file coords_27.txt (compact mmCIF, N, CA and C atoms and all ligand atoms)
# COMPACT_ATOMS: atom_id res chain seq x y z
N MET A 96 94.87 95.27 120.75
CA MET A 96 95.95 94.67 119.93
C MET A 96 96.33 95.62 118.79
N THR A 97 97.59 95.86 118.62
CA THR A 97 98.02 96.75 117.53
C THR A 97 97.98 96.00 116.21
N VAL A 98 98.08 96.74 115.13
CA VAL A 98 98.04 96.13 113.81
C VAL A 98 99.17 95.13 113.65
N SER A 99 100.37 95.50 114.11
CA SER A 99 101.51 94.61 113.89
C SER A 99 101.40 93.35 114.74
N GLU A 100 100.78 93.47 115.94
CA GLU A 100 100.56 92.26 116.75
C GLU A 100 99.62 91.30 116.02
N HIS A 101 98.62 91.88 115.42
CA HIS A 101 97.67 91.08 114.66
C HIS A 101 98.36 90.40 113.48
N MET A 102 99.20 91.17 112.79
CA MET A 102 99.96 90.63 111.65
C MET A 102 100.91 89.53 112.09
N LEU A 103 101.51 89.75 113.27
CA LEU A 103 102.44 88.76 113.81
C LEU A 103 101.71 87.45 114.08
N GLN A 104 100.54 87.56 114.72
CA GLN A 104 99.77 86.37 115.02
C GLN A 104 99.39 85.62 113.74
N GLU A 105 98.97 86.37 112.75
CA GLU A 105 98.58 85.77 111.47
C GLU A 105 99.76 85.06 110.82
N ALA A 106 100.92 85.73 110.88
CA ALA A 106 102.13 85.16 110.28
C ALA A 106 102.53 83.88 111.00
N VAL A 107 102.43 83.90 112.32
CA VAL A 107 102.78 82.71 113.12
C VAL A 107 101.84 81.55 112.76
N GLU A 108 100.55 81.88 112.60
CA GLU A 108 99.59 80.84 112.21
C GLU A 108 99.95 80.24 110.86
N ARG A 109 100.38 81.11 109.94
CA ARG A 109 100.74 80.62 108.60
C ARG A 109 101.95 79.71 108.65
N LEU A 110 102.92 80.08 109.49
CA LEU A 110 104.11 79.23 109.64
C LEU A 110 103.71 77.88 110.21
N LYS A 111 102.88 77.92 111.26
CA LYS A 111 102.45 76.68 111.90
C LYS A 111 101.74 75.77 110.91
N SER A 112 100.82 76.36 110.12
CA SER A 112 100.05 75.52 109.20
C SER A 112 100.93 75.01 108.06
N SER A 113 102.09 75.64 107.84
CA SER A 113 103.03 75.13 106.84
C SER A 113 103.99 74.13 107.45
N GLY A 114 103.81 73.84 108.73
CA GLY A 114 104.66 72.86 109.39
C GLY A 114 106.00 73.40 109.83
N VAL A 115 106.12 74.73 109.94
CA VAL A 115 107.38 75.34 110.38
C VAL A 115 107.36 75.49 111.89
N ARG A 116 108.41 75.04 112.53
CA ARG A 116 108.52 75.13 113.98
C ARG A 116 108.82 76.58 114.36
N ILE A 117 108.15 77.08 115.40
CA ILE A 117 108.39 78.46 115.82
C ILE A 117 109.39 78.45 116.97
N THR A 118 110.64 78.79 116.67
CA THR A 118 111.64 78.92 117.72
C THR A 118 111.62 80.38 118.21
N PRO A 119 112.16 80.63 119.41
CA PRO A 119 112.19 82.02 119.89
C PRO A 119 112.91 82.96 118.92
N GLN A 120 113.99 82.48 118.30
CA GLN A 120 114.73 83.30 117.34
C GLN A 120 113.89 83.60 116.11
N ARG A 121 113.24 82.56 115.61
CA ARG A 121 112.40 82.72 114.42
C ARG A 121 111.29 83.73 114.69
N HIS A 122 110.73 83.63 115.87
CA HIS A 122 109.67 84.54 116.28
C HIS A 122 110.20 85.98 116.33
N ALA A 123 111.41 86.14 116.88
CA ALA A 123 112.00 87.47 117.02
C ALA A 123 112.31 88.09 115.65
N VAL A 124 112.82 87.28 114.73
CA VAL A 124 113.14 87.78 113.38
C VAL A 124 111.86 88.25 112.69
N LEU A 125 110.82 87.44 112.85
CA LEU A 125 109.53 87.77 112.24
C LEU A 125 108.97 89.06 112.83
N GLU A 126 109.04 89.17 114.15
CA GLU A 126 108.52 90.35 114.83
C GLU A 126 109.29 91.60 114.39
N PHE A 127 110.61 91.47 114.30
CA PHE A 127 111.42 92.62 113.89
C PHE A 127 111.04 93.07 112.48
N LEU A 128 110.87 92.10 111.59
CA LEU A 128 110.52 92.42 110.19
C LEU A 128 109.17 93.13 110.10
N LEU A 129 108.20 92.62 110.85
CA LEU A 129 106.86 93.19 110.77
C LEU A 129 106.81 94.59 111.36
N ASN A 130 107.71 94.89 112.28
CA ASN A 130 107.71 96.21 112.90
C ASN A 130 108.60 97.21 112.18
N SER A 131 109.37 96.74 111.20
CA SER A 131 110.28 97.67 110.53
C SER A 131 109.69 98.06 109.18
N GLU A 132 109.86 99.32 108.87
CA GLU A 132 109.35 99.80 107.58
C GLU A 132 110.52 100.16 106.68
N THR A 133 111.71 99.70 107.07
CA THR A 133 112.90 100.15 106.36
C THR A 133 113.46 99.12 105.39
N HIS A 134 112.79 97.95 105.24
CA HIS A 134 113.30 96.91 104.36
C HIS A 134 114.72 96.51 104.76
N PRO A 135 114.86 95.91 105.95
CA PRO A 135 116.21 95.61 106.46
C PRO A 135 116.92 94.49 105.70
N THR A 136 118.25 94.49 105.81
CA THR A 136 119.05 93.39 105.30
C THR A 136 119.15 92.35 106.42
N ALA A 137 119.62 91.15 106.09
CA ALA A 137 119.80 90.11 107.10
C ALA A 137 120.76 90.61 108.18
N ASP A 138 121.74 91.39 107.75
CA ASP A 138 122.73 91.93 108.68
C ASP A 138 122.10 92.93 109.66
N ASP A 139 121.20 93.77 109.14
CA ASP A 139 120.49 94.72 110.01
C ASP A 139 119.73 93.97 111.10
N ILE A 140 119.05 92.89 110.68
CA ILE A 140 118.24 92.12 111.61
C ILE A 140 119.14 91.44 112.64
N TYR A 141 120.24 90.90 112.16
CA TYR A 141 121.21 90.25 113.04
C TYR A 141 121.71 91.23 114.11
N LYS A 142 122.10 92.42 113.65
CA LYS A 142 122.64 93.42 114.59
C LYS A 142 121.60 93.85 115.61
N ALA A 143 120.34 93.94 115.16
CA ALA A 143 119.28 94.38 116.07
C ALA A 143 118.97 93.31 117.12
N LEU A 144 119.22 92.05 116.80
CA LEU A 144 118.80 90.96 117.69
C LEU A 144 119.94 90.26 118.41
N GLU A 145 121.19 90.59 118.06
CA GLU A 145 122.30 89.82 118.63
C GLU A 145 122.42 89.99 120.14
N GLY A 146 121.98 91.15 120.66
CA GLY A 146 122.01 91.35 122.10
C GLY A 146 121.08 90.39 122.82
N LYS A 147 119.96 90.13 122.19
CA LYS A 147 118.93 89.27 122.78
C LYS A 147 119.27 87.79 122.59
N PHE A 148 119.91 87.48 121.46
CA PHE A 148 120.26 86.08 121.15
C PHE A 148 121.75 85.98 120.82
N PRO A 149 122.60 85.96 121.85
CA PRO A 149 124.05 85.97 121.60
C PRO A 149 124.53 84.77 120.77
N ASN A 150 123.78 83.68 120.78
CA ASN A 150 124.21 82.49 120.04
C ASN A 150 123.76 82.48 118.59
N MET A 151 122.99 83.47 118.22
CA MET A 151 122.45 83.49 116.86
C MET A 151 123.52 84.02 115.89
N SER A 152 123.56 83.42 114.69
CA SER A 152 124.51 83.88 113.68
C SER A 152 123.74 84.54 112.53
N VAL A 153 124.49 85.23 111.66
CA VAL A 153 123.84 85.83 110.48
C VAL A 153 123.22 84.73 109.63
N ALA A 154 123.89 83.56 109.60
CA ALA A 154 123.37 82.43 108.81
C ALA A 154 122.00 81.99 109.31
N THR A 155 121.82 82.03 110.63
CA THR A 155 120.51 81.67 111.21
C THR A 155 119.44 82.64 110.72
N VAL A 156 119.81 83.93 110.72
CA VAL A 156 118.86 84.94 110.26
C VAL A 156 118.50 84.68 108.80
N TYR A 157 119.53 84.41 107.98
CA TYR A 157 119.30 84.11 106.56
C TYR A 157 118.38 82.91 106.38
N ASN A 158 118.64 81.86 107.15
CA ASN A 158 117.82 80.65 107.04
C ASN A 158 116.37 80.94 107.37
N ASN A 159 116.15 81.73 108.41
CA ASN A 159 114.79 82.10 108.78
C ASN A 159 114.13 82.91 107.67
N LEU A 160 114.89 83.84 107.12
CA LEU A 160 114.33 84.69 106.05
C LEU A 160 113.97 83.84 104.84
N ARG A 161 114.79 82.83 104.56
CA ARG A 161 114.51 81.95 103.42
C ARG A 161 113.20 81.19 103.64
N VAL A 162 113.02 80.71 104.88
CA VAL A 162 111.78 80.00 105.22
C VAL A 162 110.58 80.92 105.03
N PHE A 163 110.71 82.16 105.52
CA PHE A 163 109.60 83.12 105.39
C PHE A 163 109.31 83.40 103.92
N ARG A 164 110.37 83.49 103.13
CA ARG A 164 110.19 83.81 101.72
C ARG A 164 109.48 82.67 101.00
N GLU A 165 109.87 81.44 101.33
CA GLU A 165 109.26 80.29 100.66
C GLU A 165 107.77 80.18 100.95
N ILE A 166 107.38 80.62 102.14
CA ILE A 166 105.96 80.57 102.51
C ILE A 166 105.23 81.79 101.96
N GLY A 167 105.98 82.79 101.53
CA GLY A 167 105.34 83.99 100.98
C GLY A 167 105.08 85.07 102.00
N LEU A 168 105.76 84.99 103.14
CA LEU A 168 105.57 86.02 104.17
C LEU A 168 106.41 87.26 103.89
N VAL A 169 107.53 87.09 103.21
CA VAL A 169 108.37 88.24 102.88
C VAL A 169 108.77 88.17 101.41
N ARG A 170 109.12 89.32 100.89
CA ARG A 170 109.68 89.40 99.55
C ARG A 170 111.14 89.73 99.69
N GLU A 171 111.96 89.12 98.86
CA GLU A 171 113.38 89.44 98.88
C GLU A 171 113.67 90.38 97.73
N LEU A 172 114.32 91.49 98.04
CA LEU A 172 114.69 92.45 97.00
C LEU A 172 116.19 92.35 96.81
N THR A 173 116.60 91.86 95.66
CA THR A 173 118.04 91.71 95.43
C THR A 173 118.58 92.90 94.66
N TYR A 174 119.79 93.29 95.01
CA TYR A 174 120.44 94.43 94.35
C TYR A 174 121.84 94.06 93.94
N GLY A 175 121.95 93.32 92.85
CA GLY A 175 123.26 92.95 92.34
C GLY A 175 124.11 92.30 93.40
N ASP A 176 125.29 92.86 93.65
CA ASP A 176 126.21 92.21 94.58
C ASP A 176 125.97 92.63 96.04
N SER A 177 125.30 93.76 96.25
CA SER A 177 125.06 94.16 97.64
C SER A 177 123.97 93.25 98.22
N SER A 178 123.88 93.21 99.53
CA SER A 178 123.02 92.21 100.15
C SER A 178 121.54 92.51 99.93
N SER A 179 120.75 91.46 99.98
CA SER A 179 119.30 91.56 99.75
C SER A 179 118.63 92.28 100.90
N ARG A 180 117.51 92.91 100.57
CA ARG A 180 116.68 93.50 101.60
C ARG A 180 115.37 92.74 101.65
N PHE A 181 114.74 92.76 102.82
CA PHE A 181 113.54 91.95 103.00
C PHE A 181 112.34 92.83 103.33
N ASP A 182 111.26 92.54 102.67
CA ASP A 182 110.06 93.35 102.73
C ASP A 182 108.90 92.46 103.17
N CYS A 183 108.28 92.81 104.31
CA CYS A 183 107.16 91.98 104.76
C CYS A 183 105.83 92.50 104.23
N ASN A 184 105.89 93.56 103.45
CA ASN A 184 104.68 94.02 102.79
C ASN A 184 104.61 93.31 101.44
N THR A 185 103.80 92.24 101.39
CA THR A 185 103.78 91.43 100.17
C THR A 185 102.68 91.88 99.21
N SER A 186 101.95 92.95 99.59
CA SER A 186 100.96 93.48 98.64
C SER A 186 101.71 94.24 97.55
N LYS A 187 101.05 94.46 96.43
CA LYS A 187 101.72 95.12 95.30
C LYS A 187 102.03 96.57 95.65
N HIS A 188 103.28 96.94 95.57
CA HIS A 188 103.65 98.33 95.78
C HIS A 188 105.00 98.58 95.14
N TYR A 189 105.34 99.85 95.03
CA TYR A 189 106.61 100.22 94.42
C TYR A 189 107.53 100.84 95.47
N HIS A 190 108.79 100.99 95.11
CA HIS A 190 109.78 101.50 96.04
C HIS A 190 110.48 102.75 95.53
N ILE A 191 110.75 103.66 96.46
CA ILE A 191 111.63 104.78 96.16
C ILE A 191 112.84 104.63 97.07
N ILE A 192 114.03 104.79 96.49
CA ILE A 192 115.27 104.48 97.19
C ILE A 192 116.14 105.72 97.31
N CYS A 193 116.64 105.98 98.52
CA CYS A 193 117.52 107.13 98.72
C CYS A 193 118.93 106.77 98.25
N GLU A 194 119.46 107.57 97.34
CA GLU A 194 120.79 107.32 96.80
C GLU A 194 121.88 107.66 97.80
N SER A 195 121.48 108.39 98.84
CA SER A 195 122.48 108.84 99.80
C SER A 195 122.62 107.86 100.96
N CYS A 196 121.50 107.42 101.56
CA CYS A 196 121.59 106.52 102.72
C CYS A 196 121.07 105.12 102.43
N GLY A 197 120.46 104.90 101.26
CA GLY A 197 120.03 103.56 100.89
C GLY A 197 118.66 103.17 101.43
N LYS A 198 118.01 104.11 102.11
CA LYS A 198 116.69 103.82 102.66
C LYS A 198 115.69 103.53 101.55
N ILE A 199 114.80 102.55 101.79
CA ILE A 199 113.77 102.21 100.82
C ILE A 199 112.40 102.52 101.43
N VAL A 200 111.60 103.29 100.73
CA VAL A 200 110.28 103.65 101.23
C VAL A 200 109.22 103.13 100.24
N ASP A 201 108.12 102.61 100.80
CA ASP A 201 107.02 102.12 99.96
C ASP A 201 106.19 103.27 99.42
N PHE A 202 105.72 103.13 98.22
CA PHE A 202 104.64 104.01 97.77
C PHE A 202 103.70 103.21 96.89
N HIS A 203 102.46 103.65 96.90
CA HIS A 203 101.44 102.91 96.16
C HIS A 203 101.06 103.65 94.91
N TYR A 204 100.91 102.90 93.86
CA TYR A 204 100.55 103.44 92.57
C TYR A 204 99.85 102.29 91.85
N PRO A 205 98.80 102.56 91.11
CA PRO A 205 98.13 101.45 90.43
C PRO A 205 99.14 100.60 89.65
N SER A 206 99.05 99.29 89.79
CA SER A 206 100.00 98.40 89.15
C SER A 206 100.03 98.63 87.64
N LEU A 207 101.24 98.72 87.10
CA LEU A 207 101.40 99.01 85.67
C LEU A 207 101.26 97.72 84.85
N ASP A 208 100.06 97.15 84.88
CA ASP A 208 99.84 95.87 84.21
C ASP A 208 99.97 95.97 82.70
N GLU A 209 99.68 97.18 82.16
CA GLU A 209 99.78 97.34 80.69
C GLU A 209 101.21 97.09 80.22
N VAL A 210 102.17 97.50 81.06
CA VAL A 210 103.58 97.30 80.69
C VAL A 210 103.86 95.82 80.49
N GLU A 211 103.30 95.01 81.41
CA GLU A 211 103.53 93.57 81.32
C GLU A 211 102.93 92.99 80.04
N SER A 212 101.67 93.37 79.74
CA SER A 212 101.05 92.77 78.55
C SER A 212 101.72 93.27 77.28
N LEU A 213 102.15 94.54 77.30
CA LEU A 213 102.86 95.08 76.13
C LEU A 213 104.18 94.33 75.92
N ALA A 214 104.93 94.13 77.02
CA ALA A 214 106.21 93.43 76.93
C ALA A 214 106.00 92.01 76.41
N GLU A 215 104.93 91.38 76.87
CA GLU A 215 104.61 90.02 76.46
C GLU A 215 104.35 89.99 74.95
N GLN A 216 103.53 90.94 74.49
CA GLN A 216 103.19 91.00 73.06
C GLN A 216 104.42 91.22 72.20
N ILE A 217 105.28 92.16 72.64
CA ILE A 217 106.44 92.52 71.82
C ILE A 217 107.48 91.41 71.79
N THR A 218 107.72 90.77 72.95
CA THR A 218 108.84 89.84 73.04
C THR A 218 108.44 88.37 73.00
N GLY A 219 107.16 88.06 73.24
CA GLY A 219 106.75 86.66 73.29
C GLY A 219 107.13 85.98 74.58
N PHE A 220 107.62 86.73 75.57
CA PHE A 220 107.94 86.16 76.89
C PHE A 220 106.65 85.84 77.64
N ASP A 221 106.75 84.89 78.58
CA ASP A 221 105.71 84.76 79.59
C ASP A 221 106.14 85.64 80.76
N VAL A 222 105.46 86.74 80.97
CA VAL A 222 105.86 87.67 82.02
C VAL A 222 105.40 87.17 83.38
N THR A 223 106.30 87.20 84.35
CA THR A 223 105.94 86.77 85.71
C THR A 223 105.68 87.96 86.63
N HIS A 224 106.47 88.99 86.50
CA HIS A 224 106.30 90.17 87.35
C HIS A 224 107.15 91.30 86.80
N HIS A 225 107.03 92.46 87.40
CA HIS A 225 107.93 93.54 87.05
C HIS A 225 108.33 94.29 88.32
N ARG A 226 109.37 95.07 88.19
CA ARG A 226 109.89 95.78 89.33
C ARG A 226 110.19 97.20 88.90
N LEU A 227 109.70 98.16 89.62
CA LEU A 227 109.93 99.56 89.29
C LEU A 227 110.49 100.24 90.52
N GLU A 228 111.59 100.93 90.35
CA GLU A 228 112.18 101.65 91.47
C GLU A 228 112.45 103.08 91.08
N VAL A 229 112.14 103.97 91.99
CA VAL A 229 112.38 105.39 91.77
C VAL A 229 113.52 105.79 92.72
N TYR A 230 114.47 106.56 92.22
CA TYR A 230 115.62 106.96 93.04
C TYR A 230 115.62 108.45 93.34
N GLY A 231 116.20 108.81 94.46
CA GLY A 231 116.29 110.22 94.80
C GLY A 231 117.00 110.40 96.13
N VAL A 232 116.79 111.55 96.77
CA VAL A 232 117.40 111.84 98.07
C VAL A 232 116.28 112.04 99.08
N CYS A 233 116.34 111.31 100.20
CA CYS A 233 115.25 111.35 101.17
C CYS A 233 115.25 112.66 101.96
N GLN A 234 114.15 112.89 102.70
CA GLN A 234 114.00 114.15 103.44
C GLN A 234 115.13 114.37 104.45
N GLU A 235 115.49 113.29 105.19
CA GLU A 235 116.55 113.43 106.20
C GLU A 235 117.89 113.80 105.56
N CYS A 236 118.20 113.12 104.46
CA CYS A 236 119.49 113.39 103.80
C CYS A 236 119.50 114.79 103.19
N LYS A 237 118.34 115.21 102.71
CA LYS A 237 118.24 116.56 102.15
C LYS A 237 118.53 117.60 103.23
N LYS A 238 117.95 117.37 104.42
CA LYS A 238 118.16 118.29 105.56
C LYS A 238 119.64 118.34 105.93
N GLU A 239 120.25 117.16 106.00
CA GLU A 239 121.66 117.08 106.38
C GLU A 239 122.53 117.86 105.41
N LYS A 240 122.23 117.70 104.13
CA LYS A 240 122.99 118.40 103.10
C LYS A 240 122.88 119.90 103.25
N GLN A 241 121.65 120.36 103.53
CA GLN A 241 121.43 121.79 103.67
C GLN A 241 122.22 122.36 104.84
N GLN A 242 122.34 121.54 105.91
CA GLN A 242 123.07 122.01 107.09
C GLN A 242 124.55 122.16 106.79
N ILE A 243 125.08 121.27 105.97
CA ILE A 243 126.51 121.34 105.64
C ILE A 243 126.80 122.60 104.83
N ILE A 244 125.90 122.89 103.88
CA ILE A 244 126.08 124.09 103.07
C ILE A 244 125.72 125.31 103.94
ZN ZN B 301 118.59 109.21 102.77
ZN ZN B 302 108.27 97.59 100.29
call {"tool": "encode", "arguments": {"input": "coords_27.txt", "output": "structure tokens"}}
result
Amino acid sequence: MTVSEHMLQEAVERLKSSGVRITPQRHAVLEFLLNSETHPTADDIYKALEGKFPNMSVATVYNNLRVFREIGLVRELTYGDSSSRFDCNTSKHYHIICESCGKIVDFHYPSLDEVESLAEQITGFDVTHHRLEVYGVCQECKKEKQQII
């Protein structure tokens, strides 16, 4: 059994124990998310699965993603007015984002907990979480640029 198959089984068990019905579409959306490392949008998932499920709509994909988010299987990353991306890696990690193609890659760095406690002390807020993103140009885009020049 591969790692992602194991993760899929675990995720399905979690859905079942939360009383969520596993439809073939729901299963497919979950499987696609667990196998993708690109932090897809609902639209990406829809496009990848529409051949297999011609009756599925983007709204169905969104609804499934919302269910997964409520159970804590995925994290939703919102970016202002552009569409949200979904991350099935719910462990603490940071993101680096390509400014050219929009790709998001995970990287691990010890959680900056001091920032949270400092912010709390200075502002008196109850801090819930923080988000750190690093921007740049990915390896593929860099190669493409070099070829043009
Ligand atoms: Zn790129
Ligand atoms: Zn991530």
call {"tool": "residues_near_ligand", "arguments": {"input": "coords_27.txt", "ligand": "ligand ZN 301 (chain B)", "cutoff": "7 Å", "atoms": "all atoms listed in the file", "output": "list in words"}}
result
Ile192, Cys193, Glu194, Ser195, Cys196, Gly197, Lys198, Gly231, Val232, Cys233, Gln234, Glu235, Cys236 and Lys237 of chain A
call {"tool": "closest_atom_pairs", "arguments": {"input": "coords_27.txt", "of": "chain A", "to": "ligand ZN 302 (chain B)", "cutoff": "8 Å", "atoms": "only N, CA and C atoms and all ligand atoms", "output": "JSON lines"}}
result
{"residue": "A:Glu132", "atom": "C", "partner": "B:ZN302", "partner_atom": "ZN", "distance": 7.2}
{"residue": "A:Thr133", "atom": "C", "partner": "B:ZN302", "partner_atom": "ZN", "distance": 7.4}
{"residue": "A:His134", "atom": "CA", "partner": "B:ZN302", "partner_atom": "ZN", "distance": 6.5}
{"residue": "A:Phe181", "atom": "C", "partner": "B:ZN302", "partner_atom": "ZN", "distance": 7.0}
{"residue": "A:Asp182", "atom": "CA", "partner": "B:ZN302", "partner_atom": "ZN", "distance": 5.2}
{"residue": "A:Cys183", "atom": "N", "partner": "B:ZN302", "partner_atom": "ZN", "distance": 6.2}
{"residue": "A:Asn184", "atom": "CA", "partner": "B:ZN302", "partner_atom": "ZN", "distance": 5.6}
{"residue": "A:Thr185", "atom": "N", "partner": "B:ZN302", "partner_atom": "ZN", "distance": 7.1}
{"residue": "A:Ser186", "atom": "C", "partner": "B:ZN302", "partner_atom": "ZN", "distance": 7.9}
{"residue": "A:Lys187", "atom": "C", "partner": "B:ZN302", "partner_atom": "ZN", "distance": 7.8}
{"residue": "A:His188", "atom": "C", "partner": "B:ZN302", "partner_atom": "ZN", "distance": 6.2}
{"residue": "A:Tyr189", "atom": "C", "partner": "B:ZN302", "partner_atom": "ZN", "distance": 5.9}
{"residue": "A:His190", "atom": "CA", "partner": "B:ZN302", "partner_atom": "ZN", "distance": 6.0}
{"residue": "A:Ile191", "atom": "N", "partner": "B:ZN302", "partner_atom": "ZN", "distance": 7.6}
{"residue": "A:Ile199", "atom": "C", "partner": "B:ZN302", "partner_atom": "ZN", "distance": 6.5}
{"residue": "A:Val200", "atom": "C", "partner": "B:ZN302", "partner_atom": "ZN", "distance": 5.6}
{"residue": "A:Asp201", "atom": "CA", "partner": "B:ZN302", "partner_atom": "ZN", "distance": 4.7}
{"residue": "A:Phe202", "atom": "N", "partner": "B:ZN302", "partner_atom": "ZN", "distance": 6.4}
call {"tool": "closest_residue", "arguments": {"input": "coords_27.txt", "among": "A:Met151, A:Leu110, A:Leu213, A:Ala143", "to": "A:Phe163", "atoms": "only N, CA and C atoms"}}
result
A:Leu110
call {"tool": "atom_distance", "arguments": {"input": "coords_27.txt", "atom1": "atom N of A:Glu209", "atom2": "atom C of A:Gly175"}}
result
27.3 Å
call {"tool": "select_by_dssp", "arguments": {"input": "coords_27.txt", "residues": "chain A", "states": "helix (DSSP H, G or I)", "output": "PyMOL selection string"}}
result
chain A and resi 98-112+119-130+137-144+153-166+208-218+234-243
call {"tool": "atom_distance", "arguments": {"input": "coords_27.txt", "atom1": "atom CA of A:Ala106", "atom2": "atom CA of A:Leu227"}}
result
26.6 Å
call {"tool": "atom_distance", "arguments": {"input": "coords_27.txt", "atom1": "atom CA of A:Ile166", "atom2": "atom CA of A:Leu125"}}
result
12.6 Å
call {"tool": "select_by_dssp", "arguments": {"input": "coords_27.txt", "residues": "stretch 127-241 of chain A", "states": "strand (DSSP E or B)", "output": "VMD selection string"}}
result
chain A and resid 136 170 to 174 177 to 182 189 to 193 199 to 202 228 to 231
call {"tool": "residues_around", "arguments": {"input": "coords_27.txt", "residues": "stretch 121-124 of chain A", "least_positions_apart": "2", "cutoff": "9 Å", "atoms": "only C-alpha atoms", "output": "list in words"}}
result
Leu103, Val107, Arg116, Ile117, Thr118, Pro119, Glu126, Phe127, Leu128, Leu129, Ile140, Tyr141, Leu144, Thr155, Val156, Asn159 and Leu160 of chain A
call {"tool": "closest_residue", "arguments": {"input": "coords_27.txt", "among": "A:His224, A:Lys238, A:Arg180, A:His203", "to": "A:Thr136", "atoms": "only C-alpha atoms"}}
result
A:Arg180
call {"tool": "residues_around", "arguments": {"input": "coords_27.txt", "residues": "A:Asp208", "least_positions_apart": "2", "cutoff": "12 Å", "atoms": "only C-alpha atoms", "output": "number ranges by chain"}}
result
A: 187, 204-206, 210-215, 222-227
call {"tool": "write_last_selection", "arguments": {"input": "coords_27.txt", "atoms": "N, CA and C atoms", "output": "mmCIF file, in the coordinates of the input"}}
result
data_model
loop_
_atom_site.group_PDB
_atom_site.id
_atom_site.type_symbol
_atom_site.label_atom_id
_atom_site.label_comp_id
_atom_site.auth_asym_id
_atom_site.auth_seq_id
_atom_site.Cartn_x
_atom_site.Cartn_y
_atom_site.Cartn_z
ATOM 1 N N LYS A 187 101.050 94.460 96.430
ATOM 2 C CA LYS A 187 101.720 95.120 95.300
ATOM 3 C C LYS A 187 102.030 96.570 95.650
ATOM 4 N N TYR A 204 100.910 102.900 93.860
ATOM 5 C CA TYR A 204 100.550 103.440 92.570
ATOM 6 C C TYR A 204 99.850 102.290 91.850
ATOM 7 N N PRO A 205 98.800 102.560 91.110
ATOM 8 C CA PRO A 205 98.130 101.450 90.430
ATOM 9 C C PRO A 205 99.140 100.600 89.650
ATOM 10 N N SER A 206 99.050 99.290 89.790
ATOM 11 C CA SER A 206 100.000 98.400 89.150
ATOM 12 C C SER A 206 100.030 98.630 87.640
ATOM 13 N N VAL A 210 102.170 97.500 81.060
ATOM 14 C CA VAL A 210 103.580 97.300 80.690
ATOM 15 C C VAL A 210 103.860 95.820 80.490
ATOM 16 N N GLU A 211 103.300 95.010 81.410
ATOM 17 C CA GLU A 211 103.530 93.570 81.320
ATOM 18 C C GLU A 211 102.930 92.990 80.040
ATOM 19 N N SER A 212 101.670 93.370 79.740
ATOM 20 C CA SER A 212 101.050 92.770 78.550
ATOM 21 C C SER A 212 101.720 93.270 77.280
ATOM 22 N N LEU A 213 102.150 94.540 77.300
ATOM 23 C CA LEU A 213 102.860 95.080 76.130
ATOM 24 C C LEU A 213 104.180 94.330 75.920
ATOM 25 N N ALA A 214 104.930 94.130 77.020
ATOM 26 C CA ALA A 214 106.210 93.430 76.930
ATOM 27 C C ALA A 214 106.000 92.010 76.410
ATOM 28 N N GLU A 215 104.930 91.380 76.870
ATOM 29 C CA GLU A 215 104.610 90.020 76.460
ATOM 30 C C GLU A 215 104.350 89.990 74.950
ATOM 31 N N VAL A 222 105.460 86.740 80.970
ATOM 32 C CA VAL A 222 105.860 87.670 82.020
ATOM 33 C C VAL A 222 105.400 87.170 83.380
ATOM 34 N N THR A 223 106.300 87.200 84.350
ATOM 35 C CA THR A 223 105.940 86.770 85.710
ATOM 36 C C THR A 223 105.680 87.960 86.630
ATOM 37 N N HIS A 224 106.470 88.990 86.500
ATOM 38 C CA HIS A 224 106.300 90.170 87.350
ATOM 39 C C HIS A 224 107.150 91.300 86.800
ATOM 40 N N HIS A 225 107.030 92.460 87.400
ATOM 41 C CA HIS A 225 107.930 93.540 87.050
ATOM 42 C C HIS A 225 108.330 94.290 88.320
ATOM 43 N N ARG A 226 109.370 95.070 88.190
ATOM 44 C CA ARG A 226 109.890 95.780 89.330
ATOM 45 C C ARG A 226 110.190 97.200 88.900
ATOM 46 N N LEU A 227 109.700 98.160 89.620
ATOM 47 C CA LEU A 227 109.930 99.560 89.290
ATOM 48 C C LEU A 227 110.490 100.240 90.520
#
